[in-house]
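Colleague: What follows is entry35.txt, compact mmCIF, C-alpha atoms and all ligand atoms.
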```
# COMPACT_ATOMS: atom_id res chain seq x y z
CA MET R 1 -119.53 240.44 -225.97
CA THR R 2 -121.75 237.45 -225.37
CA GLN R 3 -125.23 238.72 -225.18
CA PHE R 4 -128.56 236.94 -225.35
CA VAL R 5 -131.29 239.02 -226.95
CA SER R 6 -134.73 237.73 -226.12
CA GLU R 7 -137.82 238.06 -228.23
CA TYR R 8 -139.33 239.26 -225.00
CA ASN R 9 -139.68 243.04 -225.34
CA GLY R 10 -136.05 243.41 -226.39
CA ILE R 11 -134.61 242.41 -223.01
CA ILE R 12 -130.92 241.45 -223.20
CA SER R 13 -129.04 239.18 -220.78
CA ASN R 14 -125.64 237.63 -220.18
CA GLU R 15 -127.12 234.18 -219.54
CA LYS R 16 -129.69 231.96 -221.22
CA PHE R 17 -132.94 233.85 -220.93
CA ASP R 18 -135.10 233.05 -217.89
CA THR R 19 -138.69 234.27 -218.30
CA ASN R 20 -139.44 234.06 -214.58
CA LYS R 21 -136.56 236.35 -213.70
CA ALA R 22 -137.56 238.77 -216.46
CA ASP R 23 -141.22 238.83 -215.38
CA PHE R 24 -140.33 239.55 -211.76
CA ALA R 25 -137.83 242.21 -212.83
CA LYS R 26 -140.39 243.93 -215.06
CA LYS R 27 -142.74 244.42 -212.13
CA ILE R 28 -139.98 245.79 -209.90
CA ILE R 29 -138.52 248.12 -212.54
CA ILE R 30 -141.94 249.57 -213.45
CA GLY R 31 -142.51 250.29 -209.74
CA LEU R 32 -139.10 251.94 -209.41
CA GLN R 33 -139.74 254.13 -212.46
CA ASN R 34 -142.96 255.33 -210.80
CA ASP R 35 -141.05 255.95 -207.55
CA ALA R 36 -138.53 258.02 -209.53
CA TYR R 37 -141.07 260.83 -209.98
CA ASN R 38 -141.44 261.14 -206.18
CA PHE R 39 -137.69 261.02 -205.65
CA ILE R 40 -137.20 263.76 -208.27
CA ASN R 41 -139.80 265.92 -206.51
CA SER R 42 -137.69 265.59 -203.34
CA GLY R 43 -134.55 266.84 -205.09
CA TYR R 44 -133.08 263.46 -206.04
CA GLY R 45 -131.63 262.60 -209.45
CA PRO R 46 -133.76 260.58 -211.92
CA PHE R 47 -132.36 257.16 -210.94
CA VAL R 48 -133.73 254.70 -208.35
CA ALA R 49 -132.29 251.37 -207.19
CA ALA R 50 -133.57 248.59 -204.96
CA ILE R 51 -132.08 245.39 -203.56
CA TYR R 52 -134.22 242.30 -203.09
CA ASP R 53 -133.42 238.91 -201.58
CA GLU R 54 -134.07 235.59 -203.32
CA ASN R 55 -137.55 235.34 -201.79
CA GLY R 56 -138.59 238.66 -203.28
CA ASN R 57 -138.30 240.65 -200.04
CA LEU R 58 -137.23 244.28 -200.32
CA ILE R 59 -133.95 244.90 -198.49
CA ALA R 60 -133.22 248.51 -199.45
CA LYS R 61 -134.40 251.22 -201.84
CA SER R 62 -132.90 254.62 -202.62
CA GLY R 63 -132.63 257.36 -205.17
CA ASN R 64 -129.60 259.23 -206.48
CA SER R 65 -128.77 261.83 -203.81
CA VAL R 66 -125.75 263.51 -205.44
CA VAL R 67 -127.34 266.97 -205.39
CA ASN R 68 -129.04 266.68 -201.98
CA ASP R 69 -125.89 265.33 -200.31
CA LYS R 70 -123.40 267.39 -202.35
CA CYS R 71 -121.54 264.12 -202.99
CA SER R 72 -120.62 262.89 -206.48
CA ASN R 73 -120.56 259.24 -205.31
CA ASN R 74 -124.09 259.03 -204.00
CA HIS R 75 -125.68 257.24 -206.92
CA ALA R 76 -128.80 255.15 -206.20
CA GLU R 77 -126.83 251.88 -206.46
CA ILE R 78 -124.15 253.06 -204.01
CA ASN R 79 -126.83 254.21 -201.56
CA VAL R 80 -128.73 250.89 -201.57
CA ILE R 81 -125.57 248.80 -201.33
CA LYS R 82 -124.51 250.79 -198.27
CA GLU R 83 -127.98 250.36 -196.73
CA ALA R 84 -127.95 246.59 -197.34
CA GLU R 85 -124.44 246.19 -195.90
CA ILE R 86 -125.43 248.14 -192.78
CA LYS R 87 -128.59 246.02 -192.49
CA PHE R 88 -126.68 242.72 -192.72
CA GLY R 89 -123.67 244.09 -190.81
CA THR R 90 -121.13 242.99 -193.42
CA TYR R 91 -119.06 244.19 -196.38
CA ASP R 92 -119.80 240.91 -198.21
CA LEU R 93 -123.40 240.40 -199.36
CA SER R 94 -122.66 237.24 -201.35
CA PRO R 95 -124.08 234.76 -198.77
CA TYR R 96 -127.48 236.47 -199.03
CA ASN R 97 -128.04 235.88 -202.75
CA LEU R 98 -129.22 239.42 -203.45
CA SER R 99 -130.34 241.13 -206.65
CA ILE R 100 -130.10 244.81 -207.52
CA TYR R 101 -132.75 246.46 -209.70
CA VAL R 102 -131.96 249.86 -211.23
CA THR R 103 -134.02 252.20 -213.38
CA SER R 104 -131.05 252.74 -215.73
CA GLU R 105 -127.90 250.79 -216.58
CA PRO R 106 -125.31 251.22 -213.81
CA CYS R 107 -122.51 253.68 -214.58
CA MET R 108 -118.82 252.82 -214.51
CA MET R 109 -118.50 253.57 -210.78
CA CYS R 110 -121.59 251.58 -209.81
CA LEU R 111 -120.50 248.51 -211.79
CA GLY R 112 -117.40 248.47 -209.58
CA ALA R 113 -119.47 248.91 -206.44
CA ILE R 114 -121.78 246.04 -207.45
CA LEU R 115 -118.78 243.75 -208.09
CA TRP R 116 -117.20 244.47 -204.70
CA SER R 117 -120.50 244.06 -202.84
CA GLY R 118 -121.13 240.39 -203.65
CA ILE R 119 -124.54 241.05 -205.23
CA LYS R 120 -125.51 238.11 -207.48
CA SER R 121 -127.82 239.60 -210.12
CA VAL R 122 -128.31 242.94 -211.89
CA TYR R 123 -131.50 244.10 -213.61
CA TYR R 124 -131.78 247.51 -215.25
CA GLY R 125 -134.12 249.59 -217.39
CA VAL R 126 -132.63 252.19 -219.75
CA ALA R 127 -129.31 251.50 -221.49
CA SER R 128 -126.41 253.91 -220.81
CA CYS R 129 -126.24 255.08 -224.43
CA ASP R 130 -129.86 256.27 -224.13
CA VAL R 131 -129.24 257.87 -220.72
CA GLU R 132 -126.37 259.83 -222.27
CA LYS R 133 -128.41 260.82 -225.32
CA ILE R 134 -131.39 262.02 -223.27
CA THR R 135 -129.66 263.66 -220.31
CA GLY R 136 -126.08 264.49 -221.26
CA TYR R 137 -124.68 262.53 -218.29
CA ASP R 138 -121.35 260.76 -218.80
CA GLU R 139 -121.80 257.08 -217.84
CA GLY R 140 -118.09 256.29 -218.18
CA PHE R 141 -116.39 253.55 -220.20
CA LYS R 142 -117.49 249.98 -219.58
CA LEU R 143 -115.64 247.40 -221.61
CA ASN R 144 -117.40 244.11 -222.07
CA TRP R 145 -119.12 244.23 -218.71
CA PHE R 146 -121.77 241.59 -219.54
CA ASP R 147 -118.96 239.06 -220.08
CA GLU R 148 -116.94 240.23 -217.09
CA PHE R 149 -119.97 239.85 -214.83
CA ALA R 150 -120.78 236.41 -216.29
CA LYS R 151 -117.20 235.30 -215.52
CA ARG R 152 -117.84 236.21 -211.90
CA GLY R 153 -121.17 234.39 -211.76
CA ILE R 154 -123.30 237.55 -211.80
CA CYS R 155 -126.31 237.48 -214.10
CA VAL R 156 -127.40 240.64 -215.92
CA TYR R 157 -130.69 241.51 -217.60
CA GLY R 158 -131.11 244.88 -219.31
CA ASN R 159 -133.42 247.05 -221.40
CA ILE R 160 -136.30 246.11 -219.11
CA GLU R 161 -139.33 248.30 -219.89
CA ALA R 162 -136.88 250.84 -221.29
CA ASP R 163 -139.54 253.12 -222.82
CA ILE R 164 -141.09 253.77 -219.39
CA GLY R 165 -137.65 254.69 -218.09
CA LYS R 166 -136.85 256.94 -221.02
CA ASN R 167 -140.02 258.93 -220.28
CA VAL R 168 -138.81 259.53 -216.70
CA LEU R 169 -135.50 260.87 -218.03
CA LEU R 170 -137.16 262.98 -220.73
CA LYS R 171 -139.42 264.59 -218.13
CA TYR R 172 -136.47 265.17 -215.77
CA VAL R 173 -134.70 267.08 -218.52
CA SER R 174 -137.71 268.98 -219.87
CA ASP R 175 -138.64 270.11 -216.33
CA GLY R 176 -135.26 271.81 -216.17
CA ASN R 177 -133.77 269.69 -213.38
CA VAL R 178 -130.05 269.90 -212.74
CA ILE R 179 -127.70 267.68 -214.78
CA TYR R 180 -124.98 267.25 -212.15
CA LYS R 181 -121.56 266.52 -213.60
CA PRO R 182 -118.07 267.98 -213.52
CA LEU R 183 -117.21 270.78 -215.91
CA ARG R 184 -114.83 269.68 -218.65
CA LYS R 185 -112.85 271.96 -220.93
ZN ZN R 201 -123.63 255.12 -210.90
```
How does this structure look as structure tokens?
Modeller:
Amino acid sequence: MTQFVSEYNGIISNEKFDTNKADFAKKIIIGLQNDAYNFINSGYGPFVAAIYDENGNLIAKSGNSVVNDKCSNNHAEINVIKEAEIKFGTYDLSPYNLSIYVTSEPCMMCLGAILWSGIKSVYYGVASCDVEKITGYDEGFKLNWFDEFAKRGICVYGNIEADIGKNVLLKYVSDGNVIYKPLRK
């Protein structure tokens, strides 16, 4: 996997590192991690996503509503993509040059949803391996996704302010919130 590791707080990317993108993403991700506490208090899961346009305008923001909606698909990324598509009235967001910011690395399902949506950039906080370690969620299998996204012209930056995000997840677990997942034998 081609991966650029910056000296910049351990952020990784699938393109040559751009400090401006990383600085903007840090601000957004820190804000989303703070929002996560409010979402959790309203019965949401510990993940928040937002979509911004190229001028830095917020298009949509949502939490993970799997438990509230009794729907296994309603991850934060899926919810914001749906909101953005309704807002623009299209299934193809690619003309709008949008970026998705997520508090943790998108799971297997959400990577697919991001690909089909036409979103151009992905920024996330906590890596899936740490999400799994802390929470016990299954993030799926994601082969070489940094490269696969690069091939499709989608830039990815990850591990953004990951320690702040890990604290959100640790608190979610220690507060005894539900870890929603299918039973496996
Ligand atoms: Zn997901």
Colleague: Find the distance between CA of Phe141 (chain R) and CA of Lys185 (chain R) and write it in Å to one decimal.
Modeller: 18.8 Å
Colleague: I'd like to know which of R:Thr103, R:Thr90, R:Asn41, R:Asn73 is closest to Lys61 (chain R), using all atoms listed in the file.
Modeller: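 Once distances to Lys61 (chain R) are computed over all atoms listed in the file, the minimum belongs to R:Thr103.
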Colleague: For Leu32 (chain R), which residue among R:Tyr101, R:Tyr44, R:Tyr96, R:Tyr157 is the nearest when counting only C-alpha atoms?
Modeller: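 Closest to Leu32 (chain R), using only C-alpha atoms: R:Tyr101.
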Colleague: Which residues come within 10 Å of Ile40 (chain R), counting only C-alpha atoms, excluding same-chain residues fewer than 2 positions away, as a PDB file with C-alpha atoms, in the coordinates of the input?
Modeller:
```pdb
ATOM      1  CA  ASP R  35    -141.050 255.950-207.550  1.00  0.00           C
ATOM      2  CA  ALA R  36    -138.530 258.020-209.530  1.00  0.00           C
ATOM      3  CA  TYR R  37    -141.070 260.830-209.980  1.00  0.00           C
ATOM      4  CA  ASN R  38    -141.440 261.140-206.180  1.00  0.00           C
ATOM      5  CA  SER R  42    -137.690 265.590-203.340  1.00  0.00           C
ATOM      6  CA  GLY R  43    -134.550 266.840-205.090  1.00  0.00           C
ATOM      7  CA  TYR R  44    -133.080 263.460-206.040  1.00  0.00           C
ATOM      8  CA  GLY R  45    -131.630 262.600-209.450  1.00  0.00           C
ATOM      9  CA  PRO R  46    -133.760 260.580-211.920  1.00  0.00           C
ATOM     10  CA  PHE R  47    -132.360 257.160-210.940  1.00  0.00           C
ATOM     11  CA  VAL R  48    -133.730 254.700-208.350  1.00  0.00           C
ATOM     12  CA  GLY R  63    -132.630 257.360-205.170  1.00  0.00           C
ATOM     13  CA  ASN R  64    -129.600 259.230-206.480  1.00  0.00           C
ATOM     14  CA  SER R  65    -128.770 261.830-203.810  1.00  0.00           C
ATOM     15  CA  VAL R 168    -138.810 259.530-216.700  1.00  0.00           C
ATOM     16  CA  TYR R 172    -136.470 265.170-215.770  1.00  0.00           C
ATOM     17  CA  ASN R 177    -133.770 269.690-213.380  1.00  0.00           C
TER      18      ASN R 177
END
```
Colleague: CA of Ile134 (chain R) and CA of Leu111 (chain R), how far apart in Å?
Modeller: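 Computing it gives 20.8 Å between the two atoms.
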Colleague: Taking all atoms listed in the file into account, report as an NGL selection string which residues have an atom no farther than 8 Å from an atom of ligand ZN 201 (chain R).
Modeller: :R and (73-78 or 106-111 or 139)
Colleague: Which one is closest to Leu183 (chain R): R:Ala127, R:Thr19, R:Trp116, R:Asp138? Count all atoms listed in the file.
Modeller: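 Smallest separation from Leu183 (chain R) among the options: R:Asp138.
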Colleague: What does the distance between CA of Asn68 (chain R) and CA of Ile30 (chain R) come to in Å, to one decimal place?
Modeller: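 Distance between the two atoms: 24.3 Å.
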Colleague: For Leu143 (chain R), find every residue with an atom within 10 Å (counting all atoms listed in the file), except residues of its own chain fewer than 3 positions away, and show them as a list in words.
Modeller: Met1, Met108, Gly140, Phe146, Asp147 and Glu148 of chain R
Colleague: Let me make sure I understand: among R:Tyr8, R:Gly153, R:Glu54, R:Gln33, which one has the smallest atom-to-atom distance to Lys166 (chain R) if we use all atoms listed in the file?
Modeller: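 Counting all atoms listed in the file, the residue closest to Lys166 (chain R) is R:Gln33.
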Colleague: Which residues are near Ile154 (chain R)? Cut-off 10 Å, only C-alpha atoms, ignore same chain within fewer than 6 positions. Put them as an NGL selection string.
Modeller: :R and (14-15 or 99 or 114-115 or 118-122 or 146-148)
Colleague: Residues at most 10 Å from Asn57 (chain R), counting only C-alpha atoms, excluding those fewer than 5 positions away in the same chain, as a list in words?
Modeller: Ile51, Tyr52 and Leu98 of chain R
Colleague: Would you compute the box with edges along x, y and z of the file around region 163-177 of chain R, including every atom the file lists for it and 3 Å extra on each side, and give its centre and edge lengths in Å to one decimal, as AutoDock Vina command-line options?
Modeller:
```
--center_x -137.4 --center_y 262.5 --center_z -218.1 --size_x 13.3 --size_y 24.7 --size_z 15.4
```
Colleague: Ranking R:Gly158, R:Thr135, R:Lys142, R:Ala22 by minimum distance to Gly176 (chain R) and counting all atoms listed in the file, which one comes first?
Modeller: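 The answer is R:Thr135, which sits nearest to Gly176 (chain R).
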